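J.: What follows is coords-v3.txt, compact mmCIF, N, CA and C atoms and all ligand atoms.
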```
# COMPACT_ATOMS: atom_id res chain seq x y z
N MET A 1 14.09 4.52 -8.74
CA MET A 1 13.88 5.94 -8.52
C MET A 1 15.03 6.48 -7.66
N ILE A 2 15.58 7.59 -8.10
CA ILE A 2 16.66 8.22 -7.34
C ILE A 2 16.08 8.85 -6.06
N VAL A 3 16.69 8.52 -4.95
CA VAL A 3 16.28 9.08 -3.66
C VAL A 3 17.26 10.17 -3.23
N CYS A 4 18.53 9.89 -3.41
CA CYS A 4 19.58 10.83 -2.99
C CYS A 4 20.34 11.29 -4.23
N LEU A 5 20.10 12.53 -4.60
CA LEU A 5 20.75 13.08 -5.79
C LEU A 5 22.25 13.26 -5.58
N CYS A 6 22.63 13.65 -4.39
CA CYS A 6 24.05 13.92 -4.11
C CYS A 6 24.91 12.67 -4.28
N ASN A 7 24.34 11.52 -3.92
CA ASN A 7 25.10 10.27 -3.96
C ASN A 7 24.55 9.27 -4.97
N ALA A 8 23.56 9.69 -5.77
CA ALA A 8 22.95 8.83 -6.78
C ALA A 8 22.46 7.51 -6.19
N LEU A 9 21.82 7.59 -5.03
CA LEU A 9 21.26 6.39 -4.40
C LEU A 9 19.80 6.24 -4.81
N THR A 10 19.42 5.03 -5.12
CA THR A 10 18.04 4.75 -5.50
C THR A 10 17.27 4.16 -4.32
N ASP A 11 15.96 4.07 -4.48
CA ASP A 11 15.16 3.42 -3.45
C ASP A 11 15.61 1.97 -3.27
N ARG A 12 16.04 1.35 -4.35
CA ARG A 12 16.53 -0.02 -4.25
C ARG A 12 17.81 -0.09 -3.41
N ASP A 13 18.70 0.90 -3.60
CA ASP A 13 19.92 0.95 -2.78
C ASP A 13 19.56 1.03 -1.30
N VAL A 14 18.54 1.84 -1.00
CA VAL A 14 18.12 2.00 0.40
C VAL A 14 17.55 0.69 0.93
N ARG A 15 16.72 0.04 0.13
CA ARG A 15 16.13 -1.24 0.57
C ARG A 15 17.21 -2.31 0.71
N ASP A 16 18.16 -2.32 -0.21
CA ASP A 16 19.25 -3.30 -0.11
C ASP A 16 20.07 -3.06 1.16
N ALA A 17 20.32 -1.79 1.46
CA ALA A 17 21.07 -1.46 2.69
C ALA A 17 20.26 -1.91 3.91
N ALA A 18 18.94 -1.72 3.86
CA ALA A 18 18.08 -2.16 4.97
C ALA A 18 18.15 -3.68 5.11
N ALA A 19 18.17 -4.38 3.98
CA ALA A 19 18.25 -5.85 4.03
C ALA A 19 19.58 -6.31 4.63
N ARG A 20 20.60 -5.47 4.51
CA ARG A 20 21.92 -5.80 5.10
C ARG A 20 22.02 -5.32 6.55
N GLY A 21 20.92 -4.76 7.06
CA GLY A 21 20.88 -4.41 8.48
C GLY A 21 20.79 -2.94 8.81
N ALA A 22 20.81 -2.06 7.80
CA ALA A 22 20.70 -0.63 8.08
C ALA A 22 19.31 -0.30 8.62
N GLU A 23 19.25 0.34 9.76
CA GLU A 23 17.98 0.73 10.35
C GLU A 23 17.82 2.24 10.41
N ARG A 24 18.91 2.96 10.23
CA ARG A 24 18.88 4.42 10.29
C ARG A 24 19.48 4.98 9.00
N VAL A 25 19.14 6.22 8.73
CA VAL A 25 19.63 6.87 7.51
C VAL A 25 21.16 6.87 7.48
N SER A 26 21.77 7.18 8.60
CA SER A 26 23.24 7.22 8.64
C SER A 26 23.83 5.86 8.30
N GLN A 27 23.14 4.79 8.67
CA GLN A 27 23.62 3.44 8.37
C GLN A 27 23.46 3.13 6.88
N VAL A 28 22.44 3.72 6.25
CA VAL A 28 22.27 3.53 4.80
C VAL A 28 23.47 4.13 4.07
N TYR A 29 23.84 5.36 4.44
CA TYR A 29 25.01 5.98 3.80
C TYR A 29 26.24 5.11 3.99
N ARG A 30 26.43 4.65 5.20
CA ARG A 30 27.61 3.83 5.50
C ARG A 30 27.60 2.55 4.66
N GLU A 31 26.44 1.89 4.60
CA GLU A 31 26.32 0.64 3.82
C GLU A 31 26.59 0.89 2.34
N CYS A 32 26.25 2.09 1.87
CA CYS A 32 26.42 2.42 0.45
C CYS A 32 27.78 3.05 0.18
N GLY A 33 28.58 3.20 1.21
CA GLY A 33 29.93 3.72 1.02
C GLY A 33 29.98 5.20 0.69
N CYS A 34 29.00 5.95 1.19
CA CYS A 34 29.00 7.39 0.92
C CYS A 34 28.65 8.14 2.21
N ARG A 35 28.55 9.45 2.08
CA ARG A 35 28.27 10.30 3.24
C ARG A 35 27.16 11.27 2.89
N VAL A 36 26.47 11.73 3.93
CA VAL A 36 25.43 12.72 3.72
C VAL A 36 26.07 14.01 3.19
N ASP A 37 25.37 14.65 2.27
CA ASP A 37 25.83 15.93 1.73
C ASP A 37 24.80 17.00 2.13
N CYS A 38 23.76 17.18 1.32
CA CYS A 38 22.76 18.22 1.64
C CYS A 38 21.73 17.74 2.66
N GLY A 39 21.49 16.44 2.73
CA GLY A 39 20.55 15.89 3.70
C GLY A 39 19.08 15.94 3.28
N LYS A 40 18.80 16.42 2.07
CA LYS A 40 17.40 16.53 1.64
C LYS A 40 16.73 15.17 1.44
N CYS A 41 17.51 14.14 1.32
CA CYS A 41 16.96 12.80 1.08
C CYS A 41 16.60 12.09 2.38
N ALA A 42 16.96 12.62 3.50
CA ALA A 42 16.81 11.89 4.77
C ALA A 42 15.37 11.49 5.04
N ARG A 43 14.44 12.40 4.82
CA ARG A 43 13.04 12.09 5.10
C ARG A 43 12.54 10.94 4.23
N GLU A 44 12.86 10.99 2.95
CA GLU A 44 12.40 9.92 2.05
C GLU A 44 13.07 8.59 2.41
N MET A 45 14.34 8.64 2.75
CA MET A 45 15.02 7.41 3.17
C MET A 45 14.36 6.84 4.41
N ARG A 46 14.04 7.71 5.36
CA ARG A 46 13.38 7.26 6.59
C ARG A 46 12.04 6.59 6.25
N ASP A 47 11.30 7.18 5.33
CA ASP A 47 10.02 6.59 4.93
C ASP A 47 10.22 5.21 4.31
N ILE A 48 11.26 5.07 3.49
CA ILE A 48 11.54 3.77 2.87
C ILE A 48 11.92 2.75 3.94
N LEU A 49 12.75 3.18 4.89
CA LEU A 49 13.19 2.26 5.95
C LEU A 49 12.01 1.80 6.81
N ARG A 50 10.99 2.63 6.93
CA ARG A 50 9.83 2.27 7.75
C ARG A 50 8.83 1.41 6.99
N THR A 51 8.94 1.36 5.67
CA THR A 51 8.01 0.59 4.86
C THR A 51 8.45 -0.86 4.84
N PRO A 52 7.56 -1.78 5.17
CA PRO A 52 7.94 -3.19 5.15
C PRO A 52 8.36 -3.61 3.74
N PRO A 53 9.30 -4.57 3.63
CA PRO A 53 9.73 -5.03 2.31
C PRO A 53 8.57 -5.65 1.56
N ARG A 54 8.61 -5.48 0.23
CA ARG A 54 7.55 -6.05 -0.61
C ARG A 54 7.84 -7.51 -0.86
N PRO A 55 6.78 -8.31 -1.07
CA PRO A 55 7.00 -9.72 -1.41
C PRO A 55 7.85 -9.82 -2.67
N PRO A 56 8.78 -10.79 -2.76
CA PRO A 56 9.69 -10.90 -3.90
C PRO A 56 9.01 -10.88 -5.25
N ALA A 57 7.85 -11.52 -5.39
CA ALA A 57 7.17 -11.56 -6.70
C ALA A 57 6.74 -10.16 -7.13
N LEU A 58 6.27 -9.35 -6.20
CA LEU A 58 5.86 -7.99 -6.55
C LEU A 58 7.07 -7.12 -6.82
N ALA A 59 8.12 -7.28 -6.03
CA ALA A 59 9.33 -6.48 -6.22
C ALA A 59 9.96 -6.77 -7.57
N ALA A 60 9.94 -8.04 -8.01
CA ALA A 60 10.54 -8.42 -9.29
C ALA A 60 9.78 -7.82 -10.46
N ALA A 61 8.49 -7.56 -10.27
CA ALA A 61 7.67 -7.02 -11.35
C ALA A 61 7.90 -5.52 -11.55
N GLU A 62 8.60 -4.87 -10.62
CA GLU A 62 8.83 -3.43 -10.73
C GLU A 62 9.86 -3.12 -11.78
S1 LIG B 101 20.13 14.35 -1.69
FE1 LIG B 101 21.05 12.93 -0.32
S2 LIG B 101 22.63 14.04 0.63
FE2 LIG B 101 21.82 15.42 -0.82
```
Would you kindly transcribe this structure into structure tokens?

T.:
Amino acid sequence: MIVCLCNALTDRDVRDAAARGAERVSQVYRECGCRVDCGKCAREMRDILRTPPRPPALAAAE
């Protein structure tokens, strides 16, 4: 699912960035090699960052 339209980032991109150590929205952009544009995605990114990672078996089934 696309989370950031400006940078075409998906929820998976956000979770992958979190797995690499991103804890804040600004760190997600940095990890993904892009920059904030309109900022409308920040709230959803924050929600994703606060959600614990899913067990691998469930994540693979998505
Ligand atoms: S939707 Fe993410 S910066 Fe615009």

J.: Write out as a VMD selection string each polymer residue whose atoms come within 9 Å of range 32-40 of chain A, counting only C-alpha atoms; drop sequence neighbours fewer than 3 positions from it.

T.: chain A and resid 4 to 7 9 13 to 14 17 26 to 29 43 to 44

J.: Mind dumping the selected residues with N, CA and C atoms as a PDB file, in the frame of the given file?

T.:
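Everything below was put into out.pdb:
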```pdb
ATOM      1  N   CYS A   4      18.530   9.890  -3.410  1.00  0.00           N
ATOM      2  CA  CYS A   4      19.580  10.830  -2.990  1.00  0.00           C
ATOM      3  C   CYS A   4      20.340  11.290  -4.230  1.00  0.00           C
ATOM      4  N   LEU A   5      20.100  12.530  -4.600  1.00  0.00           N
ATOM      5  CA  LEU A   5      20.750  13.080  -5.790  1.00  0.00           C
ATOM      6  C   LEU A   5      22.250  13.260  -5.580  1.00  0.00           C
ATOM      7  N   CYS A   6      22.630  13.650  -4.390  1.00  0.00           N
ATOM      8  CA  CYS A   6      24.050  13.920  -4.110  1.00  0.00           C
ATOM      9  C   CYS A   6      24.910  12.670  -4.280  1.00  0.00           C
ATOM     10  N   ASN A   7      24.340  11.520  -3.920  1.00  0.00           N
ATOM     11  CA  ASN A   7      25.100  10.270  -3.960  1.00  0.00           C
ATOM     12  C   ASN A   7      24.550   9.270  -4.970  1.00  0.00           C
ATOM     13  N   LEU A   9      21.820   7.590  -5.030  1.00  0.00           N
ATOM     14  CA  LEU A   9      21.260   6.390  -4.400  1.00  0.00           C
ATOM     15  C   LEU A   9      19.800   6.240  -4.810  1.00  0.00           C
ATOM     16  N   ASP A  13      18.700   0.900  -3.600  1.00  0.00           N
ATOM     17  CA  ASP A  13      19.920   0.950  -2.780  1.00  0.00           C
ATOM     18  C   ASP A  13      19.560   1.030  -1.300  1.00  0.00           C
ATOM     19  N   VAL A  14      18.540   1.840  -1.000  1.00  0.00           N
ATOM     20  CA  VAL A  14      18.120   2.000   0.400  1.00  0.00           C
ATOM     21  C   VAL A  14      17.550   0.690   0.930  1.00  0.00           C
ATOM     22  N   ALA A  17      20.320  -1.790   1.460  1.00  0.00           N
ATOM     23  CA  ALA A  17      21.070  -1.460   2.690  1.00  0.00           C
ATOM     24  C   ALA A  17      20.260  -1.910   3.910  1.00  0.00           C
ATOM     25  N   SER A  26      21.770   7.180   8.600  1.00  0.00           N
ATOM     26  CA  SER A  26      23.240   7.220   8.640  1.00  0.00           C
ATOM     27  C   SER A  26      23.830   5.860   8.300  1.00  0.00           C
ATOM     28  N   GLN A  27      23.140   4.790   8.670  1.00  0.00           N
ATOM     29  CA  GLN A  27      23.620   3.440   8.370  1.00  0.00           C
ATOM     30  C   GLN A  27      23.460   3.130   6.880  1.00  0.00           C
ATOM     31  N   VAL A  28      22.440   3.720   6.250  1.00  0.00           N
ATOM     32  CA  VAL A  28      22.270   3.530   4.800  1.00  0.00           C
ATOM     33  C   VAL A  28      23.470   4.130   4.070  1.00  0.00           C
ATOM     34  N   TYR A  29      23.840   5.360   4.440  1.00  0.00           N
ATOM     35  CA  TYR A  29      25.010   5.980   3.800  1.00  0.00           C
ATOM     36  C   TYR A  29      26.240   5.110   3.990  1.00  0.00           C
ATOM     37  N   ARG A  43      14.440  12.400   4.820  1.00  0.00           N
ATOM     38  CA  ARG A  43      13.040  12.090   5.100  1.00  0.00           C
ATOM     39  C   ARG A  43      12.540  10.940   4.230  1.00  0.00           C
ATOM     40  N   GLU A  44      12.860  10.990   2.950  1.00  0.00           N
ATOM     41  CA  GLU A  44      12.400   9.920   2.050  1.00  0.00           C
ATOM     42  C   GLU A  44      13.070   8.590   2.410  1.00  0.00           C
TER      43      GLU A  44
END
```

J.: Among chain A, which residues carry a DSSP assignment of strand (DSSP E), reported as a VMD selection string?

T.: chain A and resid 2 to 4 9 to 10

J.: So the first atom is CA of Ala8 in chain A and the second is atom N of Leu49 in chain A; what is the distance between them in Å, to one decimal place?

T.: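 About the pair CA of Ala8 in chain A and atom N of Leu49 in chain A: they are 16.5 Å apart.
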
J.: Any idea what's packed within 9 Å of Met1 in chain A, counting only C-alpha atoms, ignoring anything in its chain fewer than 4 positions away? Could you give it as JSON, numbers by chain?

T.: {"A": [9, 10, 11, 12]}

J.: Please determine an axis-aligned box that encloses all atoms of ligand LIG 101 (chain B) listed in the file, with 5 Å added on each side, and express its centre and edge lengths in Å to one decimal as JSON.

T.:
```
{"center_x": 21.4, "center_y": 14.2, "center_z": -0.5, "size_x": 12.5, "size_y": 12.5, "size_z": 12.3}
```

J.: What parts of chain A does DSSP call alpha helix (DSSP H)? I'd like the answer as an MDAnalysis selection string.

T.: chainID A and resid 11:19 25:31 42:50 56:60

J.: For atom C of Val3 in chain A and atom C of Cys41 in chain A, determine how far apart the two atoms are, in Å to one decimal place.

T.: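 Here the two named atoms are 6.0 Å from each other.
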
J.: Distance CA of Pro53 in chain A-CA of Arg15 in chain A, one decimal place?

T.: 7.6 Å

J.: Considering only N, CA and C atoms, can you say which of A:Arg50, A:Ile2, A:Glu31, A:Met45 comes closest to Asp16 in chain A?

T.: A:Glu31

J.: From the options A:Val25, A:Ala42, A:Arg30, A:Arg20, which residue's atoms come nearest to ligand LIG 101 (chain B), counting only C-alpha atoms and all ligand atoms?

T.: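 Closest to ligand LIG 101 (chain B), using only C-alpha atoms and all ligand atoms: A:Ala42.
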
J.: Check the smallest atom-to-atom distance from each of A:Ala60, A:Pro55, A:Arg46, A:Ala19 to ligand LIG 101 (chain B) using only C-alpha atoms and all ligand atoms, then report the winner.

T.: A:Arg46
